[in-house]
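Printed here is model.txt (compact mmCIF, C-alpha atoms):
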# COMPACT_ATOMS: atom_id res chain seq x y z
CA GLY A 35 -63.91 36.16 -21.46
CA SER A 36 -60.65 34.27 -21.23
CA GLY A 37 -60.23 34.79 -17.48
CA ALA A 38 -56.58 35.69 -18.08
CA LEU A 39 -54.61 37.50 -15.36
CA LEU A 40 -53.53 40.76 -16.95
CA GLU A 41 -51.77 42.65 -14.16
CA GLU A 42 -50.68 41.90 -10.63
CA ALA A 43 -49.01 44.24 -8.16
CA THR A 44 -46.84 42.40 -5.65
CA GLU A 45 -46.05 45.58 -3.70
CA PRO A 46 -48.36 48.44 -2.67
CA VAL A 47 -48.81 51.05 -5.40
CA SER A 48 -49.12 54.73 -4.50
CA VAL A 49 -51.66 56.70 -6.55
CA VAL A 50 -53.38 60.07 -6.32
CA GLN A 51 -57.13 59.59 -6.60
CA GLY A 52 -58.47 61.34 -9.66
CA ASP A 53 -55.20 61.81 -11.54
CA GLY A 54 -55.99 59.08 -14.09
CA ALA A 55 -53.04 56.85 -13.18
CA VAL A 56 -55.30 53.82 -12.68
CA ILE A 57 -58.34 52.70 -14.67
CA ARG A 58 -61.56 54.53 -13.96
CA ALA A 59 -63.16 51.53 -12.20
CA ILE A 60 -60.42 51.40 -9.56
CA ASP A 61 -60.21 55.18 -9.26
CA ALA A 62 -63.94 55.40 -8.49
CA ALA A 63 -63.82 52.47 -6.04
CA LEU A 64 -61.06 54.08 -3.98
CA LEU A 65 -63.42 56.90 -2.99
CA GLU A 66 -65.78 54.41 -1.34
CA MET A 67 -63.27 52.11 0.38
CA LYS A 68 -62.04 52.05 3.97
CA ARG A 69 -58.49 51.51 5.13
CA GLY A 70 -57.61 47.82 4.94
CA GLU A 71 -60.70 46.93 2.88
CA VAL A 72 -60.51 44.47 -0.01
CA ALA A 73 -62.94 44.96 -2.90
CA LEU A 74 -63.68 42.71 -5.85
CA LEU A 75 -64.65 44.90 -8.78
CA ARG A 76 -66.36 43.99 -12.03
CA ALA A 77 -66.50 46.79 -14.54
CA PRO A 78 -67.53 47.29 -18.17
CA ALA A 79 -64.93 47.88 -20.86
CA ALA A 80 -65.67 51.62 -20.98
CA TRP A 81 -64.38 51.93 -17.40
CA CYS A 82 -61.31 49.82 -18.10
CA TYR A 83 -59.55 49.16 -21.40
CA GLY A 84 -62.38 49.39 -23.94
CA GLU A 85 -62.19 51.30 -27.21
CA GLY A 86 -62.02 55.02 -26.54
CA SER A 87 -61.30 54.62 -22.81
CA GLY A 88 -57.85 56.13 -23.28
CA TYR A 89 -56.14 53.59 -21.03
CA THR A 90 -53.16 51.63 -22.35
CA ARG A 91 -53.94 47.94 -22.35
CA PRO A 92 -51.44 45.78 -20.48
CA ALA A 93 -49.23 43.31 -22.31
CA GLY A 94 -51.08 40.11 -23.02
CA PHE A 95 -54.52 41.71 -23.25
CA PRO A 96 -56.47 39.54 -25.73
CA ALA A 97 -57.00 41.62 -28.87
CA ASP A 98 -60.34 39.92 -29.56
CA GLU A 99 -61.67 40.78 -26.08
CA ALA A 100 -61.10 44.53 -26.08
CA GLU A 101 -64.72 45.14 -25.06
CA ALA A 102 -64.83 42.45 -22.37
CA GLU A 103 -65.62 43.16 -18.73
CA VAL A 104 -62.68 43.33 -16.36
CA GLU A 105 -62.48 42.03 -12.80
CA ALA A 106 -60.05 43.46 -10.28
CA GLU A 107 -59.25 42.75 -6.64
CA VAL A 108 -58.13 45.88 -4.83
CA ARG A 109 -56.87 46.32 -1.27
CA LEU A 110 -56.70 49.82 0.17
CA VAL A 111 -53.62 49.64 2.40
CA GLY A 112 -53.94 53.23 3.56
CA PHE A 113 -54.51 56.79 2.43
CA GLU A 114 -53.65 60.39 3.22
CA ARG A 115 -56.15 63.16 2.77
CA GLY A 116 -54.97 66.07 0.67
CA LYS A 117 -54.82 69.50 2.22
CA GLU A 118 -57.79 71.78 1.90
CA ALA A 119 -57.09 74.91 -0.11
CA TRP A 120 -57.47 77.18 2.92
CA ALA A 121 -54.68 75.30 4.73
CA MET A 122 -52.18 75.57 1.86
CA SER A 123 -49.37 78.04 1.46
CA LEU A 124 -49.26 80.22 -1.63
CA ALA A 125 -46.73 77.91 -3.28
CA GLU A 126 -48.82 74.83 -2.44
CA ARG A 127 -51.94 76.38 -3.95
CA LEU A 128 -50.08 77.20 -7.14
CA ALA A 129 -48.77 73.63 -7.38
CA SER A 130 -52.20 72.16 -6.65
CA GLN A 131 -53.84 74.46 -9.21
CA LEU A 132 -51.45 73.28 -11.92
CA LYS A 133 -51.78 69.62 -10.90
CA LYS A 134 -55.58 69.69 -11.16
CA LYS A 135 -55.32 71.28 -14.60
CA GLU A 136 -52.95 68.53 -15.76
CA GLN A 137 -55.34 65.89 -14.43
CA GLY A 138 -58.15 67.56 -16.38
CA ASN A 139 -56.05 67.52 -19.55
CA ALA A 140 -55.38 63.78 -19.18
CA LEU A 141 -59.08 63.05 -18.70
CA PHE A 142 -60.03 65.30 -21.62
CA ARG A 143 -57.69 63.39 -23.93
CA ARG A 144 -59.47 60.20 -22.90
CA GLY A 145 -62.84 61.68 -23.75
CA GLU A 146 -63.99 61.78 -20.11
CA PHE A 147 -65.42 65.26 -20.41
CA GLU A 148 -67.53 65.31 -17.23
CA ARG A 149 -64.59 64.26 -15.07
CA ALA A 150 -62.25 66.62 -16.90
CA LEU A 151 -64.69 69.48 -16.28
CA ARG A 152 -64.67 68.76 -12.56
CA ARG A 153 -60.86 68.79 -12.52
CA TYR A 154 -60.72 72.15 -14.28
CA GLU A 155 -63.24 73.55 -11.80
CA ALA A 156 -61.15 72.13 -8.94
CA SER A 157 -58.04 73.76 -10.41
CA ASN A 158 -59.69 77.16 -10.39
CA SER A 159 -60.91 76.63 -6.83
CA ARG A 160 -57.29 75.98 -5.80
CA ALA A 161 -56.01 79.12 -7.50
CA PRO A 162 -54.43 81.58 -5.06
CA GLU A 163 -56.68 84.46 -4.05
CA ALA A 164 -55.91 87.68 -5.90
CA ALA A 165 -55.64 89.48 -2.55
CA ASP A 166 -52.99 87.02 -1.33
CA LEU A 167 -50.97 87.44 -4.51
CA ALA A 168 -51.22 91.23 -4.25
CA LYS A 169 -50.04 91.11 -0.61
CA ALA A 170 -47.02 89.00 -1.59
CA ILE A 171 -46.09 91.50 -4.32
CA GLU A 172 -46.60 94.48 -2.01
CA ALA A 173 -44.57 92.91 0.80
CA ALA A 174 -41.65 92.16 -1.52
CA SER A 175 -41.79 95.64 -3.07
CA CYS A 176 -41.97 97.44 0.27
CA GLY A 177 -39.04 95.42 1.52
CA GLY A 178 -36.97 96.54 -1.43
CA ASP A 179 -36.39 92.96 -2.59
CA GLU A 180 -36.62 93.31 -6.36
CA GLU A 181 -35.95 89.62 -6.96
CA ALA A 182 -38.75 88.56 -4.60
CA ALA A 183 -41.10 91.14 -6.14
CA SER A 184 -40.31 89.82 -9.61
CA ALA A 185 -40.93 86.24 -8.46
CA ALA A 186 -44.25 87.26 -6.89
CA ASN A 187 -45.35 88.92 -10.13
CA GLU A 188 -44.38 85.80 -12.06
CA ARG A 189 -46.47 83.64 -9.70
CA LYS A 190 -49.44 85.95 -10.22
CA ALA A 191 -49.07 85.76 -14.01
CA ALA A 192 -48.68 81.96 -13.89
CA ALA A 193 -51.79 81.52 -11.73
CA GLU A 194 -53.78 83.73 -14.11
CA GLN A 195 -52.61 81.77 -17.17
CA VAL A 196 -53.59 78.44 -15.59
CA ARG A 197 -57.00 79.87 -14.67
CA LEU A 198 -57.44 81.16 -18.23
CA ALA A 199 -56.53 77.77 -19.71
CA CYS A 200 -58.93 75.99 -17.37
CA LEU A 201 -61.82 78.29 -18.28
CA VAL A 202 -61.24 77.73 -22.00
CA ASN A 203 -60.92 73.98 -21.44
CA MET A 204 -64.07 74.00 -19.31
CA ALA A 205 -65.89 75.53 -22.26
CA ALA A 206 -64.56 72.77 -24.53
CA CYS A 207 -65.96 70.15 -22.13
CA GLN A 208 -69.28 71.96 -21.77
CA LEU A 209 -69.71 72.21 -25.54
CA ARG A 210 -69.18 68.46 -25.88
CA LEU A 211 -71.68 67.86 -23.07
CA GLY A 212 -74.28 70.11 -24.70
CA GLU A 213 -74.06 72.70 -21.91
CA HIS A 214 -73.94 75.67 -24.26
CA GLY A 215 -75.05 78.35 -21.83
CA ALA A 216 -72.40 77.28 -19.32
CA ALA A 217 -69.79 77.20 -22.10
CA ALA A 218 -70.60 80.79 -23.06
CA LYS A 219 -70.21 81.88 -19.41
CA SER A 220 -66.86 80.10 -19.09
CA CYS A 221 -65.62 81.86 -22.22
CA SER A 222 -66.84 85.24 -20.98
CA ALA A 223 -64.87 84.70 -17.76
CA ALA A 224 -61.81 83.78 -19.86
CA LEU A 225 -62.25 86.91 -21.96
CA ASP A 226 -62.29 89.02 -18.78
CA ILE A 227 -58.72 87.79 -18.28
CA ALA A 228 -57.61 87.86 -21.93
CA PRO A 229 -59.99 89.88 -24.14
CA GLY A 230 -58.21 88.78 -27.33
CA SER A 231 -58.16 85.04 -26.63
CA ALA A 232 -58.90 83.38 -29.99
CA LYS A 233 -59.94 80.10 -28.34
CA ALA A 234 -62.33 81.81 -25.93
CA LEU A 235 -63.87 83.89 -28.73
CA PHE A 236 -64.20 80.82 -30.96
CA ARG A 237 -65.79 78.64 -28.30
CA ARG A 238 -68.18 81.37 -27.17
CA GLY A 239 -69.10 81.81 -30.82
CA GLN A 240 -69.79 78.07 -31.05
CA ALA A 241 -71.91 78.20 -27.90
CA ARG A 242 -73.91 81.21 -29.11
CA LEU A 243 -74.42 79.57 -32.49
CA ALA A 244 -75.84 76.47 -30.75
CA LEU A 245 -78.10 78.77 -28.69
CA ALA A 246 -79.29 80.49 -31.91
CA GLU A 247 -77.80 83.78 -30.71
CA LEU A 248 -76.66 84.53 -34.23
CA SER A 249 -75.69 88.18 -33.79
CA GLY A 250 -73.43 87.39 -30.84
CA ALA A 251 -72.04 84.32 -32.61
CA LYS A 252 -71.14 86.45 -35.63
CA GLU A 253 -69.37 89.01 -33.48
CA ASP A 254 -67.34 86.36 -31.66
CA LEU A 255 -66.44 84.29 -34.69
CA LEU A 256 -65.34 87.30 -36.74
CA ALA A 257 -63.17 88.42 -33.80
CA ALA A 258 -61.74 84.90 -33.52
CA ALA A 259 -60.98 84.89 -37.25
CA LYS A 260 -59.16 88.20 -36.88
CA ALA A 261 -57.17 86.85 -33.92
CA ASP A 262 -56.34 83.57 -35.67
CA PRO A 263 -56.74 84.01 -39.46
CA LYS A 264 -55.38 80.54 -40.26
CA SER A 265 -57.83 78.58 -38.08
CA ARG A 266 -59.80 76.06 -40.13
CA GLU A 267 -62.13 75.52 -37.16
CA VAL A 268 -63.12 79.17 -37.13
CA ARG A 269 -63.71 79.20 -40.90
CA ALA A 270 -65.87 76.08 -40.59
CA ALA A 271 -67.89 77.71 -37.81
CA LEU A 272 -68.41 80.83 -39.93
CA THR A 273 -69.75 78.60 -42.70
CA GLN A 274 -72.16 77.04 -40.20
CA LEU A 275 -73.17 80.51 -39.06
CA LYS A 276 -73.91 81.59 -42.64
CA ALA A 277 -76.14 78.54 -43.12
CA ALA A 278 -77.94 79.26 -39.83
CA GLN A 279 -78.52 82.87 -40.88
CA GLY A 280 -80.00 81.64 -44.16
CA ARG A 281 -82.38 79.31 -42.34
CA ALA A 282 -83.39 82.10 -39.99
CA ARG A 283 -84.22 84.39 -42.94
CA GLU A 284 -86.31 81.64 -44.56
CA GLU A 285 -88.20 81.05 -41.32
CA GLU A 286 -88.83 84.77 -40.98
CA ARG A 287 -90.18 85.01 -44.51
CA GLY A 288 -92.37 82.00 -43.85
CA ALA A 289 -93.72 83.53 -40.65
CA PHE A 290 -94.61 86.90 -42.23
CA GLY A 291 -95.28 85.81 -45.78
CA GLY A 292 -99.01 85.38 -45.26
CA ILE A 293 -99.54 88.76 -43.62
CA PHE A 294 -99.19 90.81 -46.79
CA THR A 295 -101.16 90.25 -49.99

Let me see the structure of the file written as structure tokens.
Amino acid sequence: GSGALLEEATEPVSVVQGDGAVIRAIDAALLEMKRGEVALLRAPAAWCYGEGSGYTRPAGFPADEAEAEVEAEVRLVGFERGKEAWAMSLAERLASQLKKKEQGNALFRRGEFERALRRYEASNSRAPEAADLAKAIEAASCGGDEEAASAANERKAAAEQVRLACLVNMAACQLRLGEHGAAAKSCSAALDIAPGSAKALFRRGQARLALAELSGAKEDLLAAAKADPKSREVRAALTQLKAAQGRAREEERGAFGGIFT
């Protein structure tokens, strides 16, 4: 490579590990470093600024060296551990739940599906417990505070919507990772929250199609088409389903064709 200096921080930079604010190589190294430690990193392009990494290349990055290795010297000045979910207030859990989802979305856009999946799972683990939300609603209602009761109901609905989005996004990651059984389970959990979710129906249909569960795939994809009639993705999946059904019929005829004369 050219050995060019691309970026230099003259003052400490504050980052949240895992939120995608720094390149993957540095983000991963931070987990292993001790306070005050200096690390010299050498990482492949895929973990830095390579094609498809999703990271914006700094000014001056040589265009002809997009796939070059990158070296970085990192000093961990200090760190603060995040609160565990059990130690958080209801408001803190809601904020953390949303933050983890946003981190997952950023990673998904970069094509880092395994890391995105972990963030979505972390978001759901930070979601407030249903019992805690119910207690907050009951307490506000019993106290005659309509405004507080309304706010508590809004928090419950918001937490449920974030959980629903994470489950559907988890399925999208799992499909791309070839984890079709897990994708179907994620969609089923999403459909427990929102039975008419077009995305959950579509992705479960995709998963069942990949698992050769053609009857279930047909049911899901037809329901998805009804929920979202304009979706090209659903129409394309129905075409794939029709082809798979044709192959299955041919295989069945081949298997039983020699039995009868």

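Here CA of Ala106 in chain A and CA of Asp61 in chain A stand 11.8 Å from one another.
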
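One finds CA of Ala192 in chain A at 17.6 Å from CA of Ala119 in chain A.
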
Write out as a PDB file with C-alpha atoms, keeping the file's coordinate frame each polymer residue whose atoms come within 12 Å of Ala161 in chain A, counting all atoms listed in the file; drop sequence neighbours fewer than 6 positions from it.
ATOM      1  CA  ALA A 119     -57.090  74.910  -0.110  1.00  0.00           C
ATOM      2  CA  TRP A 120     -57.470  77.180   2.920  1.00  0.00           C
ATOM      3  CA  MET A 122     -52.180  75.570   1.860  1.00  0.00           C
ATOM      4  CA  SER A 123     -49.370  78.040   1.460  1.00  0.00           C
ATOM      5  CA  LEU A 124     -49.260  80.220  -1.630  1.00  0.00           C
ATOM      6  CA  ALA A 125     -46.730  77.910  -3.280  1.00  0.00           C
ATOM      7  CA  GLU A 126     -48.820  74.830  -2.440  1.00  0.00           C
ATOM      8  CA  ARG A 127     -51.940  76.380  -3.950  1.00  0.00           C
ATOM      9  CA  LEU A 128     -50.080  77.200  -7.140  1.00  0.00           C
ATOM     10  CA  ALA A 129     -48.770  73.630  -7.380  1.00  0.00           C
ATOM     11  CA  SER A 130     -52.200  72.160  -6.650  1.00  0.00           C
ATOM     12  CA  GLN A 131     -53.840  74.460  -9.210  1.00  0.00           C
ATOM     13  CA  LEU A 132     -51.450  73.280 -11.920  1.00  0.00           C
ATOM     14  CA  LYS A 133     -51.780  69.620 -10.900  1.00  0.00           C
ATOM     15  CA  LYS A 134     -55.580  69.690 -11.160  1.00  0.00           C
ATOM     16  CA  LYS A 135     -55.320  71.280 -14.600  1.00  0.00           C
ATOM     17  CA  TYR A 154     -60.720  72.150 -14.280  1.00  0.00           C
ATOM     18  CA  GLU A 155     -63.240  73.550 -11.800  1.00  0.00           C
ATOM     19  CA  LEU A 167     -50.970  87.440  -4.510  1.00  0.00           C
ATOM     20  CA  ARG A 189     -46.470  83.640  -9.700  1.00  0.00           C
ATOM     21  CA  LYS A 190     -49.440  85.950 -10.220  1.00  0.00           C
ATOM     22  CA  ALA A 191     -49.070  85.760 -14.010  1.00  0.00           C
ATOM     23  CA  ALA A 192     -48.680  81.960 -13.890  1.00  0.00           C
ATOM     24  CA  ALA A 193     -51.790  81.520 -11.730  1.00  0.00           C
ATOM     25  CA  GLU A 194     -53.780  83.730 -14.110  1.00  0.00           C
ATOM     26  CA  GLN A 195     -52.610  81.770 -17.170  1.00  0.00           C
ATOM     27  CA  VAL A 196     -53.590  78.440 -15.590  1.00  0.00           C
ATOM     28  CA  ARG A 197     -57.000  79.870 -14.670  1.00  0.00           C
ATOM     29  CA  LEU A 198     -57.440  81.160 -18.230  1.00  0.00           C
ATOM     30  CA  CYS A 200     -58.930  75.990 -17.370  1.00  0.00           C
TER      31      CYS A 200
END

Find the residues near Ala232 in chain A: any atom within 6 Å, counting all atoms listed in the file, skip ones fewer than 3 places away on the same chain, and give them as JSON, numbers by chain. {"A": [235, 236, 258, 261]}

Separation of CA of Ala205 in chain A and CA of Gly239 in chain A, in Å? 11.1 Å

Between A:Cys82, A:Ala77, A:Ala278, A:Ala173, smallest distance to Ala246 in chain A by only C-alpha atoms belongs to A:Ala278

Select, from A:Leu75, A:Ala241, A:Ala224, A:Ala234, the residue with the minimum atom-to-atom distance to Ala257 in chain A, counting all atoms listed in the file.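 Among the listed residues, the smallest separation from Ala257 in chain A belongs to A:Ala234.
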
Find the residues near Glu253 in chain A: any atom within 12 Å, counting only C-alpha atoms, skip ones fewer than 6 places away on the same chain, and give them as a list of chain:residue names. A:Leu235, A:Phe236, A:Arg238, A:Gly239, A:Gln240, A:Arg242, A:Leu243, A:Glu247, A:Ala259, A:Lys260, A:Leu272, A:Leu275

Which residue gives the smallest distance to Glu101 in chain A among A:Ala174, A:Ala199, A:Glu136, A:Pro78, with all atoms listed in the file counted?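 Selected residue with least distance to Glu101 in chain A: A:Pro78.
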
Contacts of range 44-47 of chain A at 9 Å or less, counting all atoms listed in the file, minus same-chain residues fewer than 2 places along, as a compact mmCIF listing (two decimals) with C-alpha atoms, in the frame of the given file?
# COMPACT_ATOMS: atom_id res chain seq x y z
CA GLU A 42 -50.68 41.90 -10.63
CA VAL A 49 -51.66 56.70 -6.55
CA ARG A 109 -56.87 46.32 -1.27
CA LEU A 110 -56.70 49.82 0.17
CA VAL A 111 -53.62 49.64 2.40

Would you kindly return, as a list in words, each protein, DNA or RNA residue with an atom no farther than 9 Å from any atom of Val268 in chain A, considering all atoms listed in the file and excluding same-chain residues fewer than 2 positions away?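 Close residues of Val268 in chain A: Phe236, Leu255, Leu256, Ala258, Ala259, Asp262, Pro263, Lys264, Ser265, Arg266, Ala270, Ala271, Leu272 and Thr273 of chain A.
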
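Using only C-alpha atoms, the shortest contact distance between Gly70 in chain A and any of A:Glu41, A:Ala216, A:Asp254, A:Gly112 is found at A:Gly112.
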
Which of A:Arg76, A:Arg210, A:Arg115, A:Arg283 sits closest to Leu151 in chain A [using all atoms listed in the file]: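 Among the listed residues, the smallest separation from Leu151 in chain A belongs to A:Arg210.
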